[in-house]
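Engineer: Here it is, the structure, as structure tokens.
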Amino acid sequence: MASLAQWVQGARPRTLPMAVAPVIVGTAAAYGLGSFKPLNAVLAALVSVMLQVGVNYANDYSDGIRGTDDHRVGPFRLVGGGAATPRAVKRAAFLSFGVAALFGLVLVALSGTWWLILVGVLCVLAAWGYTGGKRPYGYLGLGDVFVFVFFGLVATLGTTYTQALALSGPAWAGAVATGLIAVALLMANNVRDIPTDRLAGKRTLAVRLGDRAARASYPAMLAVAVVAALLLTPANPWMLLVLVLVPAAVVPSRIMLSGAGGPALIPVLQQTGFLNLGFALLFAVAEVLGRR
């Protein structure tokens with residue numbers, strides 16, 4: 001039976017900055033529109049975090065029962081590591097989705113955006129279908145699209161809309177940027193797993209692109225994310241603050257381009273998570289200063 005520490009590890013806490021970053025960016029964009037609602041922001045963060053935890057457990061379960069994690073070189077997995085039964089991990093995934101749904105219902109009730117319930121349902125279905133079901137799209141190379149759409153566009157724009165009931169250029173630019181950084185993290189993870197994913201028949205985008213092109217896409221996505229924010233500088237020169245991230249992005253980019261594999265790529269995941277969080281905070285500061 002898995003210990004509490006193993007359940008926490010199985011939730012993959014290093015990925016949680018990816019869930020918080022779009023909420024920070026979306027809230028900053030709402031502030032730029034003259035509508036900052038702290039309670040709505042907190043609820044959006046709870047929804048995003050619990051969805052991320054649910055995705056992580058669901059991925060653990062689905063990859064575990066398919067044998068994809070049998071020879072993995074990455075972090076600990078509950079099912080693949082034999083610490084928990086598939087049934088228990090599946091239950092944890094749906095419990096996480098349920099908690100996210102409860103927070104989401106409170107959020108839409110406060111904001112009056114009842115149509116977002118449908119978006120929430122799509123989020124849960126997409127989260128489960130990533131590696132679950134008969135034809136998981138994560139095994140077809142479409143996982144990157146899911147991450148960009150739901151942990152970039154939906155999370156950011158949804159946060160802004162539930163506070164301001166409107167969207168803006170900064171909201172869209174921030175959504176694209178956080179989405180790309182999140183995809184860069186997924187790419188780093190999948191580059192590490194290319195050998196084992198090929199054996200398991202998991203055709204991620206990294207597998208389809210091949211090792212060299214997949215590695216090159218990592219710094220490219222980080223660069224486009226920064227450019228997306230810099231496009232806002234004519235209206236808000238404070239957005240130049242995001243350039244502070246460039247030196248921090250060099251280190252993981254060098255690791256990716258060096259050809260390092262296996263455990264050597266694990267630090268890239270953590271560094272990319274903090275890059276997204278750092279981007280979100282700098283973006284928020286720029287939005288606040290730009291409105292004064």
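Ligands are numbered from 1 in the order shown, chains are lettered A, B, ... in the order of the structure tokens, and residues start at 1 in each chain.
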Compile the contact shell of A:Thr156 as a PyMOL selection string: residues with an atom at most 6 Å away, counting only C-alpha atoms, same-chain residues fewer than 6 positions apart removed.
Structural biologist: chain A and resi 22-23+26+175
Engineer: Just to be explicit: take each residue in the selection above, keep all heavy atoms, and write the result as a PDB file, in the first residue's frame.
Structural biologist:
ATOM      1  N   PRO A  22      -0.831  29.963 -15.536  1.00  0.00           N
ATOM      2  CA  PRO A  22      -1.868  30.597 -16.367  1.00  0.00           C
ATOM      3  C   PRO A  22      -2.895  31.368 -15.561  1.00  0.00           C
ATOM      4  O   PRO A  22      -3.461  32.348 -16.055  1.00  0.00           O
ATOM      5  CB  PRO A  22      -2.510  29.411 -17.097  1.00  0.00           C
ATOM      6  CG  PRO A  22      -2.167  28.219 -16.292  1.00  0.00           C
ATOM      7  CD  PRO A  22      -0.832  28.505 -15.693  1.00  0.00           C
ATOM      8  N   VAL A  23      -3.133  30.963 -14.324  1.00  0.00           N
ATOM      9  CA  VAL A  23      -4.083  31.687 -13.472  1.00  0.00           C
ATOM     10  C   VAL A  23      -3.510  33.044 -13.085  1.00  0.00           C
ATOM     11  O   VAL A  23      -4.222  34.058 -13.065  1.00  0.00           O
ATOM     12  CB  VAL A  23      -4.426  30.864 -12.209  1.00  0.00           C
ATOM     13  CG1 VAL A  23      -5.345  31.656 -11.285  1.00  0.00           C
ATOM     14  CG2 VAL A  23      -5.089  29.554 -12.611  1.00  0.00           C
ATOM     15  N   GLY A  26      -3.755  35.134 -16.265  1.00  0.00           N
ATOM     16  CA  GLY A  26      -5.145  35.499 -16.523  1.00  0.00           C
ATOM     17  C   GLY A  26      -5.665  36.538 -15.543  1.00  0.00           C
ATOM     18  O   GLY A  26      -6.418  37.449 -15.919  1.00  0.00           O
ATOM     19  N   ALA A 175      -1.835  33.833 -22.683  1.00  0.00           N
ATOM     20  CA  ALA A 175      -2.323  32.464 -22.832  1.00  0.00           C
ATOM     21  C   ALA A 175      -1.441  31.672 -23.799  1.00  0.00           C
ATOM     22  O   ALA A 175      -1.092  30.516 -23.541  1.00  0.00           O
ATOM     23  CB  ALA A 175      -3.766  32.475 -23.329  1.00  0.00           C
TER      24      ALA A 175
END
Engineer: I want to know what sits within 10 Å of A:Ala284, based on only C-alpha atoms, with residues of the same chain fewer than 6 positions away left out; could you give that as a list in words?
Structural biologist: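 Non-adjacent residues within range: Ile24, Val25, Gly26, Thr27, Ala28, Ala29, Tyr31, Gly32, Gly174, Met239, Gly278 and Gly290 of chain A.
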Engineer: Mind pulling up the distance from atom CA of A:Ala100 to atom CA of A:Met50?
Structural biologist: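 Atom CA of A:Ala100 lies at a distance of 5.2 Å from atom CA of A:Met50.
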Engineer: Please measure the separation of atom CA of A:Asp211 and atom CA of A:Leu142, giving the value in Å to one decimal.
Structural biologist: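 It comes out at 17.1 Å.
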Engineer: May I ask which of the residues A:Thr85, A:Thr204, A:Ser258, A:Ser96 is the closest one to A:Leu186, counting only C-alpha atoms?
Structural biologist: A:Thr204
Engineer: Could I get the residues of stretch 180-289 of chain A with an atom no further than 12 Å from an atom of stretch 149-152 of chain A, each paired with its nearest atom pair and that distance in Å to one decimal, using only C-alpha atoms, sorted by chain and residue number, as a tab-separated table?
Structural biologist:
residue	atom	partner	partner_atom	distance
A:Leu180	CA	A:Gly152	CA	7.3
A:Ile181	CA	A:Gly152	CA	8.7
A:Ala182	CA	A:Phe151	CA	7.2
A:Val183	CA	A:Gly152	CA	8.9
A:Ala184	CA	A:Gly152	CA	11.8
A:Leu185	CA	A:Phe151	CA	11.8
A:Leu186	CA	A:Phe151	CA	11.4
A:Ala225	CA	A:Gly152	CA	11.1
A:Asn276	CA	A:Gly152	CA	10.8
A:Ala280	CA	A:Gly152	CA	11.6
Engineer: If we count only C-alpha atoms, what is near A:Gly141 at a cut-off of 6 Å, once residues fewer than 2 positions away on the same chain are taken out, given as number ranges by chain?
Structural biologist: A: 138-139, 143, 203-205
Engineer: At what distance in Å, to one decimal, does atom CA of A:Tyr161 lie from atom CA of A:Gln270?
Structural biologist: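 Pair atom CA of A:Gln270 / atom CA of A:Tyr161 returns 29.3 Å.
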Engineer: Hey, what's within 8 Å of A:Pro219 if we count only C-alpha atoms and toss same-chain stuff fewer than 2 positions away? As a PyMOL selection string, please?
Structural biologist: chain A and resi 184+215-217+221-223+249+253
Engineer: Output the selection as a PDB file, in the first residue's frame - N, CA and C atoms for each residue.
Structural biologist:
ATOM      1  N   ALA A 184       6.610  23.029 -23.847  1.00  0.00           N
ATOM      2  CA  ALA A 184       8.059  22.823 -23.800  1.00  0.00           C
ATOM      3  C   ALA A 184       8.415  21.844 -22.682  1.00  0.00           C
ATOM      4  N   ARG A 215      14.291  18.048 -29.589  1.00  0.00           N
ATOM      5  CA  ARG A 215      15.136  18.855 -28.693  1.00  0.00           C
ATOM      6  C   ARG A 215      15.198  20.310 -29.164  1.00  0.00           C
ATOM      7  N   ALA A 216      15.296  20.511 -30.462  1.00  0.00           N
ATOM      8  CA  ALA A 216      15.385  21.871 -31.003  1.00  0.00           C
ATOM      9  C   ALA A 216      14.093  22.646 -30.777  1.00  0.00           C
ATOM     10  N   SER A 217      12.975  21.943 -30.686  1.00  0.00           N
ATOM     11  CA  SER A 217      11.693  22.626 -30.494  1.00  0.00           C
ATOM     12  C   SER A 217      11.588  23.249 -29.111  1.00  0.00           C
ATOM     13  N   MET A 221      10.182  27.038 -28.605  1.00  0.00           N
ATOM     14  CA  MET A 221       8.916  27.369 -27.937  1.00  0.00           C
ATOM     15  C   MET A 221       9.116  28.407 -26.845  1.00  0.00           C
ATOM     16  N   LEU A 222      10.211  28.307 -26.117  1.00  0.00           N
ATOM     17  CA  LEU A 222      10.490  29.317 -25.090  1.00  0.00           C
ATOM     18  C   LEU A 222      10.688  30.689 -25.730  1.00  0.00           C
ATOM     19  N   ALA A 223      11.373  30.720 -26.854  1.00  0.00           N
ATOM     20  CA  ALA A 223      11.626  31.990 -27.544  1.00  0.00           C
ATOM     21  C   ALA A 223      10.323  32.619 -28.035  1.00  0.00           C
ATOM     22  N   ALA A 249      16.535  30.708 -19.139  1.00  0.00           N
ATOM     23  CA  ALA A 249      16.109  29.725 -20.146  1.00  0.00           C
ATOM     24  C   ALA A 249      17.294  29.087 -20.864  1.00  0.00           C
ATOM     25  N   SER A 253      17.880  24.916 -21.920  1.00  0.00           N
ATOM     26  CA  SER A 253      17.982  24.785 -23.373  1.00  0.00           C
ATOM     27  C   SER A 253      19.292  24.115 -23.764  1.00  0.00           C
TER      28      SER A 253
END
Engineer: Sorted by chain and rising residue number, list the residues of stretch 156-237 of chain A at most 8 Å from stretch 39-48 of chain A (counting only C-alpha atoms), each with its closest atom pair and distance in Å to one decimal, as a Markdown table.
Structural biologist:
| residue | atom | partner | partner_atom | distance |
| --- | --- | --- | --- | --- |
| A:Thr159 | CA | A:Ala44 | CA | 6.1 |
| A:Thr162 | CA | A:Asn40 | CA | 7.0 |
| A:Gln163 | CA | A:Asn40 | CA | 6.5 |
Engineer: Give me, as number ranges by chain, all polymer residues having an atom no more than 9 Å from A:Val226, counting only C-alpha atoms and skipping those fewer than 2 positions away in the same chain.
Structural biologist: A: 177, 221-224, 228-231, 242-243, 245-246, 279
Engineer: I need the residues from that last selection saved to file as a PDB file, in the first residue's frame (with C-alpha atoms), if you can.
Structural biologist:
ATOM      1  CA  ALA A 177       3.017  32.158 -23.937  1.00  0.00           C
ATOM      2  CA  MET A 221       8.916  27.369 -27.937  1.00  0.00           C
ATOM      3  CA  LEU A 222      10.490  29.317 -25.090  1.00  0.00           C
ATOM      4  CA  ALA A 223      11.626  31.990 -27.544  1.00  0.00           C
ATOM      5  CA  VAL A 224       8.169  32.339 -29.124  1.00  0.00           C
ATOM      6  CA  ALA A 228       4.413  36.856 -27.590  1.00  0.00           C
ATOM      7  CA  ALA A 229       4.791  38.979 -24.465  1.00  0.00           C
ATOM      8  CA  LEU A 230       7.140  41.451 -26.162  1.00  0.00           C
ATOM      9  CA  LEU A 231       4.479  42.134 -28.800  1.00  0.00           C
ATOM     10  CA  VAL A 242      10.049  39.217 -19.348  1.00  0.00           C
ATOM     11  CA  LEU A 243      13.529  39.479 -20.875  1.00  0.00           C
ATOM     12  CA  LEU A 245      13.889  35.127 -18.090  1.00  0.00           C
ATOM     13  CA  VAL A 246      16.217  34.763 -21.067  1.00  0.00           C
ATOM     14  CA  PHE A 279       7.111  34.367 -16.648  1.00  0.00           C
TER      15      PHE A 279
END
Engineer: Of the candidates A:Gly169, A:Gly67, A:Gly129, A:Pro267, which one gets nearest to A:Leu157 if we count only C-alpha atoms?
Structural biologist: A:Gly169
Engineer: With only C-alpha atoms as the basis for distance, which of A:Ala30, A:Ala248, A:Asp60, A:Gln271 is at the shortest distance from A:Glu287?
Structural biologist: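 Among the listed residues, the smallest separation from A:Glu287 belongs to A:Ala30.
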Engineer: Among stretch 86-232 of chain A, which ones does DSSP assign to alpha helix (DSSP H) (computed from the backbone)? Answer as a PyMOL selection string.
Structural biologist: chain A and resi 86-111+116-129+143-148+155-164+169-192+194-200+205-209+211-230
Engineer: Measuring atom to atom with only C-alpha atoms, identify which of A:Ala19, A:Gly132, A:Phe146, A:Gly54 is nearest to A:Val99.
Structural biologist: A:Gly54
